[in-house]
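In what follows, a single structure is set out as structure tokens and then discussed.
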Amino acid sequence: MRMPPFTLHTPDNLAKAIALAAELDSFDWISGGTDLLPNYKWKLNAKPDVISLSKVKELTALSGTVIGAMVRIHDLVGNEDVHPLIRETAGTIASVMIRRSATVGGNICLDTRCYWFNQTEEWRRSIDWCHKCDCDTGADCRVIPNQNTLCVATYQADLAAAFIALDATIHLASASGARSMPFADFFELDGMTRNVLKQGELVTHVTLPDDAKNWQGAYQKLRLRETWDFPEAGVAAAWKIEAGGISDLRIATTGCESIPGDHSDLAQEALAEWAGKDSIRSLAEGVRKAVKPVSNTYFPPAYRRKMLRVLTRRALAPLEHL
């Protein structure tokens with residue numbers, strides 16, 4: 001497959017990147033390129049200009065509480081300063097080869113996926129396109145027909161669930177200035193809009209709370225193959241243990257809907273009357289009921305929901321006897 005033509009820009013600092021973005025009408029940011037470049041080859045919403053962030057050193061900070069957008073996924077896995085839940089989650093992403101190129105910001109901003117959309121241009125032309133890449137045909141959604149207002153493509157990145165479970169904050173920058181928000185608030189329930197990024201805005205870094213080191217956690221993932229594949233369902237759990245008991249608990253999911261899910265309200269309800277294994281079973285069932293996948297990935301929705309219950313119980317297994 002041939003790459004469509006585009007102009008590549010390589011600013012060497014954040015200020016230049018933001019200024020350049022303000023000048024261009026239609027462009028994409030590129031970090032590691034492991035998602036964007038395959039999409040371009042498949043003619044999926046390619047832009048005439050692409051701004052590379054590979055030389056922007058301000059985005060490479062990495063410590064126990066700060067993770068820059070241009071940090072490679074592979075660097076998370078092997079860094080002892082990174083929170084264990086983040087390291088564990090990063091180690092499940094794709095393959096070693098991809099993790100050496102893929103970045104934290106790219107994983108966070110991963111394009112939503114759907115088997116009607118993530119196909120070659122020839123394949124999509126044969127079925128008359130879809131709402132997410134209609135090529136000006138006014139095509140309808142192939143998954144839920146006759147609504148043509150909302151894209152239900154699935155968000156299938158891993159790190160978001162871990163960041164939500166750890167109550168992380170995401171930081172953005174543009175020509176209008178910098179802003180930040182709780183990580184879960186970054187996403188918008190639309191497979192085309194995906195997140196709150198405005199024109200010319202980018203993710204700069206993610207920060208964890210100062211007490212993140214006091215939290216433990218686990219990540220469980222369903223996928224077709226043990227390496228390479230995107231999650232069909234993912235569950236991240238984080239908890240704090242004080243005085244021999246659980247003092248706080250958070251749950252997040254990914255890979256099932258157009259945005260990752262924050263189920264910490266369900267976790268708090270379970271924690272209020274914690275009864276070990278019984279509470280875990282009840283919480284896992286609550287997560288299953290809260291998530292509503294659609295038929296646009298390899299595994300059917302009913303199976304993915306069922307497996308969310310299983311994954312939640314596995315993630316919380318260390319808490320069974322507390």
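Residue numbering restarts at 1 in every chain; chains get A, B, ... in the order shown in the structure tokens, and ligands count up from 1 in that same order.
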Check: Got a sec to tell me which of range 150-243 of chain A DSSP assigns to strand (DSSP E), as an MDAnalysis selection string?
Finding: chainID A and resid 169:174 177:182 202:207 215:222 233:242
Note to self: Residues near range 35-37 of chain A, anyone? I mean within 8 Å using only C-alpha atoms, not counting same-chain ones fewer than 3 positions away, as a count of residues only.
What the structure shows: 7
Next item on the list: From a DSSP calculation on the backbone, collect every residue of range 36-89 of chain A in alpha helix (DSSP H) and output the set as a list of chain:residue names.
Entry: A:Leu36, A:Leu37, A:Pro38, A:Asn39, A:Tyr40, A:Lys41, A:Ile73, A:His74, A:Asp75, A:Leu76, A:Val77, A:Pro84, A:Leu85, A:Ile86, A:Arg87, A:Glu88, A:Thr89
File of the preceding selection, N, CA and C atoms, as a short mmCIF file (atom, residue, chain, number, x, y, z; two decimals), in the first residue's frame:
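Saved to part15.cif:
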```
data_model
loop_
_atom_site.label_atom_id
_atom_site.label_comp_id
_atom_site.auth_asym_id
_atom_site.auth_seq_id
_atom_site.Cartn_x
_atom_site.Cartn_y
_atom_site.Cartn_z
N LEU A 36 -1.00 6.01 13.19
CA LEU A 36 -1.31 6.98 12.14
C LEU A 36 -0.85 6.52 10.76
N LEU A 37 0.37 6.03 10.64
CA LEU A 37 0.91 5.67 9.33
C LEU A 37 0.15 4.51 8.68
N PRO A 38 -0.19 3.43 9.41
CA PRO A 38 -1.02 2.40 8.78
C PRO A 38 -2.37 2.94 8.32
N ASN A 39 -2.96 3.85 9.10
CA ASN A 39 -4.23 4.45 8.70
C ASN A 39 -4.07 5.27 7.43
N TYR A 40 -2.97 6.00 7.32
CA TYR A 40 -2.73 6.76 6.10
C TYR A 40 -2.59 5.85 4.89
N LYS A 41 -1.91 4.73 5.06
CA LYS A 41 -1.75 3.80 3.95
C LYS A 41 -3.10 3.23 3.51
N ILE A 73 6.63 3.65 24.91
CA ILE A 73 5.97 2.64 25.73
C ILE A 73 7.00 1.68 26.32
N HIS A 74 8.00 1.34 25.52
CA HIS A 74 9.05 0.42 25.98
C HIS A 74 9.79 0.99 27.19
N ASP A 75 9.97 2.30 27.24
CA ASP A 75 10.67 2.92 28.35
C ASP A 75 9.87 2.86 29.65
N LEU A 76 8.56 2.79 29.54
CA LEU A 76 7.73 2.64 30.74
C LEU A 76 7.94 1.26 31.37
N VAL A 77 8.05 0.26 30.50
CA VAL A 77 8.11 -1.13 30.98
C VAL A 77 9.34 -1.37 31.84
N PRO A 84 4.05 0.64 39.27
CA PRO A 84 3.94 -0.76 38.82
C PRO A 84 2.72 -1.04 37.95
N LEU A 85 1.59 -0.39 38.21
CA LEU A 85 0.41 -0.62 37.38
C LEU A 85 0.64 -0.10 35.96
N ILE A 86 1.30 1.04 35.83
CA ILE A 86 1.61 1.58 34.50
C ILE A 86 2.59 0.65 33.78
N ARG A 87 3.60 0.18 34.50
CA ARG A 87 4.57 -0.74 33.89
C ARG A 87 3.88 -2.02 33.42
N GLU A 88 3.02 -2.57 34.26
CA GLU A 88 2.33 -3.81 33.90
C GLU A 88 1.45 -3.61 32.67
N THR A 89 0.71 -2.52 32.66
CA THR A 89 -0.18 -2.24 31.52
C THR A 89 0.62 -2.02 30.25
#
```
Next item on the list: Kindly indicate which residue among A:Leu202, A:Val71, A:Ala153, A:Leu8 lies nearest to Leu172 in chain A, using only C-alpha atoms for the distances.
Entry: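 The answer is A:Leu202, which sits nearest to Leu172 in chain A.
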Next item on the list: Report the distance between CA of Thr297 in chain A and CA of Arg113 in chain A in Å, rounded to one decimal place.
Entry: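 Taking CA of Thr297 in chain A and CA of Arg113 in chain A, their separation equals 7.9 Å.
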Check: Can you tell me, as a list in words, what residues are no more than 7 Å from Leu208 in chain A when counting only C-alpha atoms, ignoring any on the same chain fewer than 3 positions away?
Finding: Thr65, Val66, Leu166, Asp167, Ala168, Thr169 and Ala212 of chain A
With a cut-off of 12 Å, could you pull out the residues of range 6-107 of chain A touching range 125-143 of chain A and give me the nearest pair of atoms for each, distance in Å to one decimal, using only C-alpha atoms, ordered by chain and ascending number, as CSV?
```
residue,atom,partner,partner_atom,distance
A:Asn39,CA,A:Cys133,CA,11.3
A:Trp42,CA,A:Cys133,CA,11.1
A:Lys43,CA,A:Cys133,CA,9.3
A:Leu44,CA,A:Cys133,CA,6.6
A:Asn45,CA,A:Cys133,CA,6.5
A:Ala46,CA,A:Cys133,CA,10.2
```
What would the file look like if the residues just selected were written as a short mmCIF file (atom, residue, chain, number, x, y, z; two decimals), in the first residue's frame with C-alpha atoms?
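Output (selection_35.cif):
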```cif
data_model
loop_
_atom_site.label_atom_id
_atom_site.label_comp_id
_atom_site.auth_asym_id
_atom_site.auth_seq_id
_atom_site.Cartn_x
_atom_site.Cartn_y
_atom_site.Cartn_z
CA ASN A 39 -4.23 4.45 8.70
CA TRP A 42 -5.37 2.63 4.12
CA LYS A 43 -6.50 6.16 3.10
CA LEU A 44 -8.26 6.73 6.43
CA ASN A 45 -8.82 10.48 6.80
CA ALA A 46 -5.32 11.47 5.67
#
```
Note to self: Can you tell me which residues surround Leu311 in chain A at a distance of at most 10 Å, considering only C-alpha atoms, apart from same-chain residues fewer than 3 positions away, and format the answer as a PyMOL selection string?
What the structure shows: chain A and resi 219-222+233-236+253+284+288+305-308+314-317
Just-selected residues, C-alpha atoms written as a CSV table (one decimal), in the first residue's frame:
```csv
chain,number,residue,atom,x,y,z
A,219,TYR,CA,-4.4,-4.9,34.8
A,220,GLN,CA,-6.2,-7.7,33.0
A,221,LYS,CA,-6.8,-7.9,29.3
A,222,LEU,CA,-8.8,-9.9,26.7
A,233,ALA,CA,-11.7,-5.7,26.9
A,234,GLY,CA,-9.4,-4.4,29.6
A,235,VAL,CA,-9.8,-3.8,33.3
A,236,ALA,CA,-7.5,-1.8,35.5
A,253,THR,CA,-12.3,-0.4,31.7
A,284,ALA,CA,-17.5,-7.5,38.8
A,288,ARG,CA,-20.4,-6.1,33.4
A,305,ARG,CA,-19.3,-8.2,28.6
A,306,LYS,CA,-19.0,-11.6,30.2
A,307,MET,CA,-15.3,-11.4,30.1
A,308,LEU,CA,-15.3,-8.0,31.8
A,314,ARG,CA,-8.9,-11.6,38.3
A,315,ALA,CA,-7.7,-8.0,38.8
A,316,LEU,CA,-9.1,-7.9,42.3
A,317,ALA,CA,-8.0,-11.4,43.3
```
Next item on the list: Give me the residues within 9 Å of Thr254 in chain A as a list of chain:residue names, counting only C-alpha atoms and dropping any in the same chain fewer than 2 places off.
Entry: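 The residues that qualify are A:Thr154, A:Tyr155, A:Gln156, A:Ala157, A:Asp158, A:Leu159, A:Ala160, A:Ala161, A:Pro231, A:Glu232, A:Ala233, A:Gly234, A:Val235, A:Ala236, A:Ala252, A:Cys256, A:Glu257, A:Ser258, A:Ile259, A:Pro260, A:Gly261.
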Check: Hey, what's within 12 Å of Arg225 in chain A if we count only C-alpha atoms and toss same-chain stuff fewer than 4 positions away? As a list of chain:residue names, please?
Finding: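 Everything that qualifies: A:Thr92, A:Ile93, A:Ala94, A:Ser95, A:Lys221, A:Asp229, A:Phe230, A:Pro231, A:Glu232, A:Tyr298.
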Please produce an output containing N, CA and C atoms for each residue in the selection, written as a PDB file, in the first residue's frame.
```pdb
ATOM      1  N   THR A  92       1.785  -5.040  28.252  1.00  0.00           N
ATOM      2  CA  THR A  92       0.807  -5.831  27.494  1.00  0.00           C
ATOM      3  C   THR A  92       0.510  -5.239  26.119  1.00  0.00           C
ATOM      4  N   ILE A  93       1.041  -4.068  25.834  1.00  0.00           N
ATOM      5  CA  ILE A  93       0.691  -3.360  24.597  1.00  0.00           C
ATOM      6  C   ILE A  93       1.461  -3.934  23.413  1.00  0.00           C
ATOM      7  N   ALA A  94       0.739  -4.372  22.407  1.00  0.00           N
ATOM      8  CA  ALA A  94       1.315  -4.786  21.116  1.00  0.00           C
ATOM      9  C   ALA A  94       2.492  -5.746  21.285  1.00  0.00           C
ATOM     10  N   SER A  95       3.613  -5.413  20.668  1.00  0.00           N
ATOM     11  CA  SER A  95       4.820  -6.240  20.719  1.00  0.00           C
ATOM     12  C   SER A  95       6.001  -5.364  21.102  1.00  0.00           C
ATOM     13  N   LYS A 221      -6.531  -8.226  30.655  1.00  0.00           N
ATOM     14  CA  LYS A 221      -6.827  -7.860  29.269  1.00  0.00           C
ATOM     15  C   LYS A 221      -7.295  -9.075  28.470  1.00  0.00           C
ATOM     16  N   ASP A 229      -2.300  -7.824  19.388  1.00  0.00           N
ATOM     17  CA  ASP A 229      -3.673  -7.372  19.195  1.00  0.00           C
ATOM     18  C   ASP A 229      -4.109  -6.304  20.197  1.00  0.00           C
ATOM     19  N   PHE A 230      -5.032  -5.454  19.738  1.00  0.00           N
ATOM     20  CA  PHE A 230      -5.662  -4.477  20.614  1.00  0.00           C
ATOM     21  C   PHE A 230      -6.571  -5.202  21.609  1.00  0.00           C
ATOM     22  N   PRO A 231      -6.823  -4.591  22.774  1.00  0.00           N
ATOM     23  CA  PRO A 231      -7.701  -5.241  23.751  1.00  0.00           C
ATOM     24  C   PRO A 231      -9.146  -5.290  23.260  1.00  0.00           C
ATOM     25  N   GLU A 232      -9.774  -6.440  23.399  1.00  0.00           N
ATOM     26  CA  GLU A 232     -11.221  -6.561  23.193  1.00  0.00           C
ATOM     27  C   GLU A 232     -11.955  -6.169  24.472  1.00  0.00           C
ATOM     28  N   TYR A 298     -13.667  -8.084  16.941  1.00  0.00           N
ATOM     29  CA  TYR A 298     -13.626  -9.519  16.635  1.00  0.00           C
ATOM     30  C   TYR A 298     -14.580 -10.331  17.496  1.00  0.00           C
TER      31      TYR A 298
END
```
Next item on the list: Take CA of Pro318 in chain A and CA of Ser63 in chain A and report the distance between them in Å, one decimal.
Entry: 26.7 Å
Notebook entry, point to check: Pick from A:Ser26, A:Thr207, A:Gly64, A:Ile108: nearest to Glu80 in chain A, with only C-alpha atoms counted?
Noted result: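 So, comparing all the options, the nearest one is A:Gly64.
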